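Chemist: This structure is in C-alpha cells; I'll ask about it shortly.
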Amino acid sequence: MIVFVLVRLLAGWREPLWYRIPEHLQNKVVVGTFVDVPLRTQQIPALVQKISSIPQTDADRVKDISGVFAFPADNKYHDFVSAIADFFMVESTTLHHRVVQQLHASPEALEETETFSQTQHSSTITLSDEQQIVINALAPQVQAGGYTPTLLHGVTGSGKTEIYKQLIITAINAQKTTVCLFPEVTLALQFETIFKQQLPFPERIFSFHSTTKISEKKKLWQALLSGTPVVILGVHLPVLLPIPNLGLILVDEEHERGFQEKRHPKINSKELALWRAKTYNCPIVLGSATPSLATLQAAKTGKIAHYRLTKRFKGKFPSIIHAKMVTPDKKKRASFWITPELEHAIRSRLSKKEQTILYLNRRGHSFSAQCQDCGTLVMCQSCSVSLTPHEHEKTREFQLTCHYCGFTVPVPTACTACKKNDKPLLMKGIGTQQLTTIVQKMFPEAKIARADLDSTKQKREWLATAEQFKRGELDILIGTQLITKGYHFPNVTLVGIVWADLGLSIPDYHTRETVLQKLIQVAGRAGREHEESDVIIQALSHDPLFDFISEEKYEEFCITELAAREELFYPPFGRFVQLECVHSDEAILVKETVAIAAELRQFVHDHNLNVTIMGPVEPVVKKIAGAEARHIFLRSATFGPIHTLLQAIKHQKKLRSSVFLVPT
C-alpha cells in the first residue's frame, strides 16, 4: 500500500507539502514524527502533520521522504511546543526549527583548550549553615519530583553556585537531566567550565547555544535519544529541547532581561522554564542576588518558596561612596568623566596591587555625531537611531556605526542637513572606547583592558580577558553590562560606576528596577575576598534610586517600587501584553494598526471584557533595518480576558503587517 504524508518544513518553505513514505519506513512514521525530505538540492527536516493514502496533489510528482529524523521519546514535548506556539500566535514548526537547525548548522566553535580557570572540586568543602538549609530542603524535591518553584535569593558571593552543584549531583544520581539557563552566552561558558572541572561527571555536561560545536550538540542529541541523564547549559535553546527524563531546571540571574529573546517570537526563556517545569512536574530554582519584582512578589504571596543567603562566603560588602560629576572644579580635572574621588581611589589600588573595575553601560567612542552649526545628528539610513562614533583601534580614524542593523559609514566631512563643512562634527557623550583612552592617559603605568560587544565579538576573547584579569595580569577592567554578573575576581577592591544615571530616562516601567539591578550586580564584584573595598557612584545628578545600591537595601527598594506599581495595576499586580506590528511601509502600518486597535476596543465593548487598550504608539526606536513598528498594549487584572481577546485576533481578516505577541 502506498502511503503519503503531509509535512510542514522546518525551514525553506511556508506551505505544507506532500511526500511519499517508502515501504521500509512506513511502520516508523506517525503524526508528529520528524522526517528528512528532499527540497530541490537540499535535505530539510520536516514535521509530519497528516498521513493519507490519497495525497491532495499530483501523486506522480510526489517525492519520497529520505528518512526518519531520530527524536527523543519525550511524550509531553509536542503538546508543550504546540501550547507555546498557540500562545505566541506562531506555527509550532517555528519553535521546532530553532532546535533542529542547531544540529545542521555550523556555528562558531570554541577551542577546547580555552577555558576559564577555577579551583578544582573538593569533596570536603564546608557549606555554610544557610547553604545547608537550602540543600536539605531542595535535594529531596529533586529526588521525588513535583513542580516546586523556588527563589534562591543570595547576595553576591554567597555561594549559590555550590548549591547548584549539589542539586545537579542529586539529579544525576536520581537518573534525571538538569537544564541550566543563563542570561548570556559568556556566563554559560563560564559555568560550563566550572561544572566540568568541579563536578565528578564532566562527560555528562553539555552546552547548547550559539557557540557550541556542532559535534557536541550531536553528542547531546544522542544522549537525549538514549535517555542518559545529563546537564545542559545555555540561554534560550535548552528549555526547548525534547528531554524524556527532565528532573531539574536552574535559572541563574533570574532577574535579567537577557532571557527575553530579541527576535520573534519574543519568548522569555525564564517564563518558558517555569511553564515547562509545571508541565513536566519537576522542581525549578530561580537564583539571583537581585530578584525581579515579579518573582519577589510571587514569593511574598506564597506562590513560590523563598530561601535567602544573606552572608558572603568570603570578604565583606563594599562601602558605597557617592561622587558628583558636576562640581566647580570640573575644568581643573584631568577628565570630566573621572571625579577626584575616583581618581584617588584608582591610584590607591594601583599602589597596593589591587584591581579596579570601571562600569559604563555604553559602548563605542561617543553617543553620536552632531553638526556644530544646525545641531543635526547623523542618523542611520535604515533605523530611527543616530549612528555611534567608533575609533579604529589601529588607524585612530572614526567611523559611524548603527548598533541595531550594523550599517557603517566614514564620518561625513559635511553636515547631511545644512551641508556646512567648516567645522568638524561634534562627538557627544562617552562610551567605553573613549573611557579606556582617558584612563590610559591618566594612568599610563596601568595594564588596562576593555570588555564590551566591540572588544569581545568572539566569546573566546572575553574568556581570555576574564582569565587575564583573574590571574592579576591586568590592573583595570573597563566594561559594559557584560561584566556585571556572575564573575568572581578575588582581587577587585574598587568598582567605579562612571555614569550611574545613564539609562534612567528610558520610558519603561521596568527601567528603575533594571538599572538598580545592574548597579548592584557590578558593585557586587568588589570585596569578594577582601575585608575592605569601595564602590564609587558617579552621577550627573543624585537620584533617590542610588540610596538603594547597597545589597542590604535592595528589598527596601522593592517594597517602594511594588507599591507604585500596585497603584497603576502594572505587573506583577496586573497583566501587560504588547502587540508589535511590523511592516516596511509606514502608511500601511499606520492604517492597519489603527484598525486593529479599533477592532480590539470594539471586541472588548461587545463582550464586556475588563481589558484596557492603549495605542497604537511609536516605540522608542520605531524603525529597525527598514521595518517600521508600532505597539498596542493590552492591560488587565488577570490574563484570562487578554487571552480571550488574543484568540479573537487570530481569526480577523488577513493583514499585510506582521503581528507579534510580546509579554512584558
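Chain labels A, B, ... are given in the sequence in which chains occur in the C-alpha cells; within each chain residues are numbered consecutively from 1, and ligands are likewise numbered from 1 in the order shown.
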Would you mind listing, for every residue of range 9-88 of chain A within 12 Å of range 95-98 of chain A, the two atoms forming the shortest contact and the distance between them in Å to one decimal, using only C-alpha atoms, sorted by chain and ascending residue number, as a Markdown table?
Modeler:
```
| residue | atom | partner | partner_atom | distance |
| --- | --- | --- | --- | --- |
| A:Leu9 | CA | A:His97 | CA | 8.7 |
| A:Leu10 | CA | A:His97 | CA | 4.9 |
| A:Ala11 | CA | A:His97 | CA | 6.8 |
| A:Gly12 | CA | A:His97 | CA | 10.6 |
| A:Gly32 | CA | A:His96 | CA | 11.3 |
| A:Thr33 | CA | A:His96 | CA | 11.8 |
| A:Phe34 | CA | A:His96 | CA | 9.7 |
| A:Ile44 | CA | A:His97 | CA | 10.4 |
| A:Pro45 | CA | A:His97 | CA | 8.4 |
| A:Ala46 | CA | A:His97 | CA | 8.9 |
| A:Leu47 | CA | A:His96 | CA | 8.6 |
| A:Phe71 | CA | A:His96 | CA | 11.4 |
| A:Tyr77 | CA | A:His96 | CA | 10.4 |
| A:His78 | CA | A:His96 | CA | 9.4 |
| A:Phe80 | CA | A:Leu95 | CA | 10.8 |
| A:Val81 | CA | A:Leu95 | CA | 7.1 |
| A:Ser82 | CA | A:Leu95 | CA | 9.0 |
| A:Ala83 | CA | A:Leu95 | CA | 11.0 |
| A:Ile84 | CA | A:Leu95 | CA | 8.6 |
| A:Ala85 | CA | A:Leu95 | CA | 7.4 |
| A:Asp86 | CA | A:Leu95 | CA | 11.2 |
| A:Phe88 | CA | A:Leu95 | CA | 10.5 |
```
Chemist: I want to know what sits within 9 Å of Gln131 in chain A, based on only C-alpha atoms, with residues of the same chain fewer than 5 positions away left out; could you give that as a list in words?
Modeler: Asn136, Ser158, Gly159, Lys160, Glu162, Ile163, Arg308 and Leu309 of chain A
Chemist: How would you write, as a count of residues only, the set of residues in range 284-482 of chain A that DSSP gives as helix (DSSP H, G or I)?
Modeler: 48
Chemist: Can you tell me which residues surround Gln370 in chain A at a distance of at most 7 Å, considering only C-alpha atoms, apart from same-chain residues fewer than 6 positions away, and format the answer as an mmCIF file with N, CA and C atoms, in the first residue's frame?
Modeler:
```cif
data_model
loop_
_atom_site.group_PDB
_atom_site.id
_atom_site.type_symbol
_atom_site.label_atom_id
_atom_site.label_comp_id
_atom_site.auth_asym_id
_atom_site.auth_seq_id
_atom_site.Cartn_x
_atom_site.Cartn_y
_atom_site.Cartn_z
ATOM 1 N N THR A 376 22.100 68.995 13.726
ATOM 2 C CA THR A 376 21.596 67.741 13.167
ATOM 3 C C THR A 376 22.502 66.569 13.537
ATOM 4 N N LEU A 377 21.877 65.459 13.965
ATOM 5 C CA LEU A 377 22.608 64.233 14.249
ATOM 6 C C LEU A 377 22.716 63.397 12.981
ATOM 7 N N VAL A 378 23.795 62.663 12.849
ATOM 8 C CA VAL A 378 23.934 61.734 11.725
ATOM 9 C C VAL A 378 23.142 60.472 12.061
ATOM 10 N N LEU A 425 32.303 67.537 12.757
ATOM 11 C CA LEU A 425 31.161 67.099 13.550
ATOM 12 C C LEU A 425 31.577 66.913 15.004
ATOM 13 N N LEU A 426 30.676 67.242 15.911
ATOM 14 C CA LEU A 426 30.942 67.162 17.343
ATOM 15 C C LEU A 426 30.594 65.773 17.860
ATOM 16 N N MET A 427 31.545 65.114 18.482
ATOM 17 C CA MET A 427 31.307 63.802 19.082
ATOM 18 C C MET A 427 30.792 64.008 20.508
#
```
Chemist: Distance CA of Ser636 in chain A-CA of Glu256 in chain A, one decimal place?
Modeler: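 Value for the CA of Ser636 in chain A-CA of Glu256 in chain A distance: 24.3 Å.
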Chemist: Do a neighbour search on range 361-363 of chain A at 8 Å with only C-alpha atoms, toss out local chain neighbours closer than 4 positions, and write the hits as a compact mmCIF listing (two decimals) with C-alpha atoms, in the first residue's frame.
Modeler:
```
# COMPACT_ATOMS: atom_id res chain seq x y z
CA PHE A 367 26.96 58.69 21.78
CA ILE A 430 31.15 58.96 26.11
CA GLY A 431 31.44 55.23 25.53
CA THR A 432 33.76 52.54 26.84
CA GLN A 433 36.20 53.11 23.99
CA ASP A 452 32.10 45.09 25.60
CA LEU A 453 30.45 43.74 22.47
CA ASP A 454 33.01 45.56 20.30
CA GLY A 479 33.26 47.31 30.51
CA THR A 480 29.53 47.38 29.91
CA GLN A 481 26.89 45.12 31.45
CA LEU A 502 22.66 56.78 32.33
```
Chemist: Kindly indicate which residue among A:Ser66, A:Gln434, A:Gln101, A:Gln175 lies nearest to His392 in chain A, using only C-alpha atoms for the distances.
Modeler: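 Looking only at the distances to His392 in chain A, the closest residue turns out to be A:Gln434.
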Chemist: Give the answer as one residue: which of A:Phe317, A:Trp18, A:Tyr554, A:Phe660 has the shortest atom-to-atom distance to Gln578 in chain A, using only C-alpha atoms?
Modeler: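 So, comparing all the options, the nearest one is A:Phe660.
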Chemist: Quick one: contact table of range 443-478 of chain A to range 337-360 of chain A, 6 Å max, nearest atom pair and distance in Å to one decimal per residue, counting only C-alpha atoms, chain and number order, as JSON lines?
Modeler:
```
{"residue": "A:Asp475", "atom": "CA", "partner": "A:Gln355", "partner_atom": "CA", "distance": 5.0}
{"residue": "A:Ile476", "atom": "CA", "partner": "A:Thr356", "partner_atom": "CA", "distance": 4.8}
{"residue": "A:Leu477", "atom": "CA", "partner": "A:Ile357", "partner_atom": "CA", "distance": 4.9}
{"residue": "A:Ile478", "atom": "CA", "partner": "A:Leu358", "partner_atom": "CA", "distance": 4.7}
```
Chemist: How would the residues just chosen look if you wrote them out with N, CA and C atoms as a PDB file, in the first residue's frame?
Modeler:
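Saved as out-v8.pdb:
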```pdb
ATOM      1  N   ASP A 475      45.300  45.473  35.597  1.00  0.00           N
ATOM      2  CA  ASP A 475      45.001  46.311  36.769  1.00  0.00           C
ATOM      3  C   ASP A 475      43.581  46.853  36.741  1.00  0.00           C
ATOM      4  N   ILE A 476      43.120  47.226  35.553  1.00  0.00           N
ATOM      5  CA  ILE A 476      41.820  47.878  35.417  1.00  0.00           C
ATOM      6  C   ILE A 476      41.052  47.216  34.283  1.00  0.00           C
ATOM      7  N   LEU A 477      39.798  46.862  34.550  1.00  0.00           N
ATOM      8  CA  LEU A 477      38.910  46.310  33.532  1.00  0.00           C
ATOM      9  C   LEU A 477      37.769  47.292  33.329  1.00  0.00           C
ATOM     10  N   ILE A 478      37.594  47.748  32.086  1.00  0.00           N
ATOM     11  CA  ILE A 478      36.545  48.709  31.743  1.00  0.00           C
ATOM     12  C   ILE A 478      35.512  47.989  30.893  1.00  0.00           C
TER      13      ILE A 478
END
```
Chemist: Give me, please, the distance in Å between CA of Val90 in chain A and CA of His264 in chain A, quoted to one decimal.
Modeler: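 Straight-line distance from CA of Val90 in chain A to CA of His264 in chain A works out to 9.2 Å.
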Chemist: May I have the residues within 6 Å of Leu579 in chain A as a VMD selection string, using only C-alpha atoms and disregarding those fewer than 4 positions away in the same chain?
Modeler: chain A and resid 631 to 632 660 to 661
Chemist: Take the residues just selected and output them with N, CA and C atoms as an mmCIF file, in the first residue's frame.
Modeler:
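After the write, selection_25.cif holds the following:
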```cif
data_model
loop_
_atom_site.group_PDB
_atom_site.id
_atom_site.type_symbol
_atom_site.label_atom_id
_atom_site.label_comp_id
_atom_site.auth_asym_id
_atom_site.auth_seq_id
_atom_site.Cartn_x
_atom_site.Cartn_y
_atom_site.Cartn_z
ATOM 1 N N HIS A 631 3.298 49.787 18.450
ATOM 2 C CA HIS A 631 2.922 48.935 19.573
ATOM 3 C C HIS A 631 1.499 49.223 20.023
ATOM 4 N N ILE A 632 0.784 48.174 20.359
ATOM 5 C CA ILE A 632 -0.526 48.257 21.004
ATOM 6 C C ILE A 632 -0.410 47.496 22.318
ATOM 7 N N PHE A 660 2.994 40.457 16.246
ATOM 8 C CA PHE A 660 3.686 39.572 17.180
ATOM 9 C C PHE A 660 3.250 39.878 18.610
ATOM 10 N N LEU A 661 3.200 38.847 19.424
ATOM 11 C CA LEU A 661 2.871 38.986 20.842
ATOM 12 C C LEU A 661 4.158 39.086 21.655
#
```
Chemist: Residues within 7 Å of range 196-210 of chain A, please, as a PDB file with N, CA and C atoms, in the first residue's frame. Count only C-alpha atoms; anything in the same chain fewer than 3 positions from it doesn't count.
Modeler:
```
ATOM      1  N   PRO A 107      28.027  26.511  13.718  1.00  0.00           N
ATOM      2  CA  PRO A 107      28.299  27.766  14.397  1.00  0.00           C
ATOM      3  C   PRO A 107      29.773  27.948  14.706  1.00  0.00           C
ATOM      4  N   GLN A 120      39.690  23.396  41.623  1.00  0.00           N
ATOM      5  CA  GLN A 120      39.158  22.052  41.425  1.00  0.00           C
ATOM      6  C   GLN A 120      38.181  21.696  42.538  1.00  0.00           C
ATOM      7  N   HIS A 121      37.230  20.834  42.165  1.00  0.00           N
ATOM      8  CA  HIS A 121      36.207  20.421  43.122  1.00  0.00           C
ATOM      9  C   HIS A 121      36.822  19.665  44.293  1.00  0.00           C
ATOM     10  N   GLU A 192      29.967  26.354  32.346  1.00  0.00           N
ATOM     11  CA  GLU A 192      30.324  25.080  31.724  1.00  0.00           C
ATOM     12  C   GLU A 192      31.704  24.630  32.198  1.00  0.00           C
ATOM     13  N   THR A 193      32.645  25.574  32.235  1.00  0.00           N
ATOM     14  CA  THR A 193      33.991  25.247  32.693  1.00  0.00           C
ATOM     15  C   THR A 193      34.000  24.893  34.176  1.00  0.00           C
ATOM     16  N   LYS A 217      26.799  19.279  20.078  1.00  0.00           N
ATOM     17  CA  LYS A 217      25.339  19.266  20.022  1.00  0.00           C
ATOM     18  C   LYS A 217      24.822  17.890  19.605  1.00  0.00           C
ATOM     19  N   LEU A 220      25.102  15.506  22.480  1.00  0.00           N
ATOM     20  CA  LEU A 220      23.995  15.739  23.404  1.00  0.00           C
ATOM     21  C   LEU A 220      22.727  15.094  22.870  1.00  0.00           C
ATOM     22  N   VAL A 230      21.844  13.958  31.853  1.00  0.00           N
ATOM     23  CA  VAL A 230      22.930  14.888  31.542  1.00  0.00           C
ATOM     24  C   VAL A 230      22.624  16.257  32.144  1.00  0.00           C
ATOM     25  N   VAL A 231      23.583  17.181  31.984  1.00  0.00           N
ATOM     26  CA  VAL A 231      23.420  18.573  32.392  1.00  0.00           C
ATOM     27  C   VAL A 231      23.552  19.422  31.124  1.00  0.00           C
ATOM     28  N   ILE A 232      22.557  20.280  30.854  1.00  0.00           N
ATOM     29  CA  ILE A 232      22.534  21.076  29.623  1.00  0.00           C
ATOM     30  C   ILE A 232      22.545  22.554  29.991  1.00  0.00           C
ATOM     31  N   LEU A 233      23.535  23.287  29.457  1.00  0.00           N
ATOM     32  CA  LEU A 233      23.693  24.697  29.767  1.00  0.00           C
ATOM     33  C   LEU A 233      23.461  25.543  28.527  1.00  0.00           C
ATOM     34  N   GLY A 234      22.780  26.677  28.695  1.00  0.00           N
ATOM     35  CA  GLY A 234      22.556  27.577  27.573  1.00  0.00           C
ATOM     36  C   GLY A 234      21.752  28.787  27.989  1.00  0.00           C
ATOM     37  N   VAL A 235      21.231  29.502  26.993  1.00  0.00           N
ATOM     38  CA  VAL A 235      20.472  30.733  27.240  1.00  0.00           C
ATOM     39  C   VAL A 235      18.996  30.529  26.904  1.00  0.00           C
ATOM     40  N   LEU A 237      17.902  28.061  24.094  1.00  0.00           N
ATOM     41  CA  LEU A 237      17.590  26.809  23.411  1.00  0.00           C
ATOM     42  C   LEU A 237      17.334  25.604  24.319  1.00  0.00           C
ATOM     43  N   PRO A 238      18.084  25.424  25.434  1.00  0.00           N
ATOM     44  CA  PRO A 238      17.900  24.193  26.212  1.00  0.00           C
ATOM     45  C   PRO A 238      16.474  23.933  26.669  1.00  0.00           C
TER      46      PRO A 238
END
```
Chemist: Rank A:Gln102, A:Glu271, A:Ser658, A:Lys262 by their smallest atom-to-atom distance to Thr212 in chain A, using only C-alpha atoms, and report the top residue only.
Modeler: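 Closest candidate: A:Gln102.
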Chemist: Determine, using only C-alpha atoms, which residues of range 249-286 of chain A have any atom at most 10 Å from an atom of range 510-522 of chain A, and tabulate each with its shortest atom pair and distance in Å to one decimal place, rows ordered by chain and then rising number, as JSON lines.
Modeler:
```
{"residue": "A:Glu253", "atom": "CA", "partner": "A:Gln521", "partner_atom": "CA", "distance": 9.7}
{"residue": "A:His255", "atom": "CA", "partner": "A:Gln517", "partner_atom": "CA", "distance": 8.1}
{"residue": "A:Glu256", "atom": "CA", "partner": "A:Thr514", "partner_atom": "CA", "distance": 7.9}
{"residue": "A:Arg257", "atom": "CA", "partner": "A:Thr514", "partner_atom": "CA", "distance": 8.0}
```
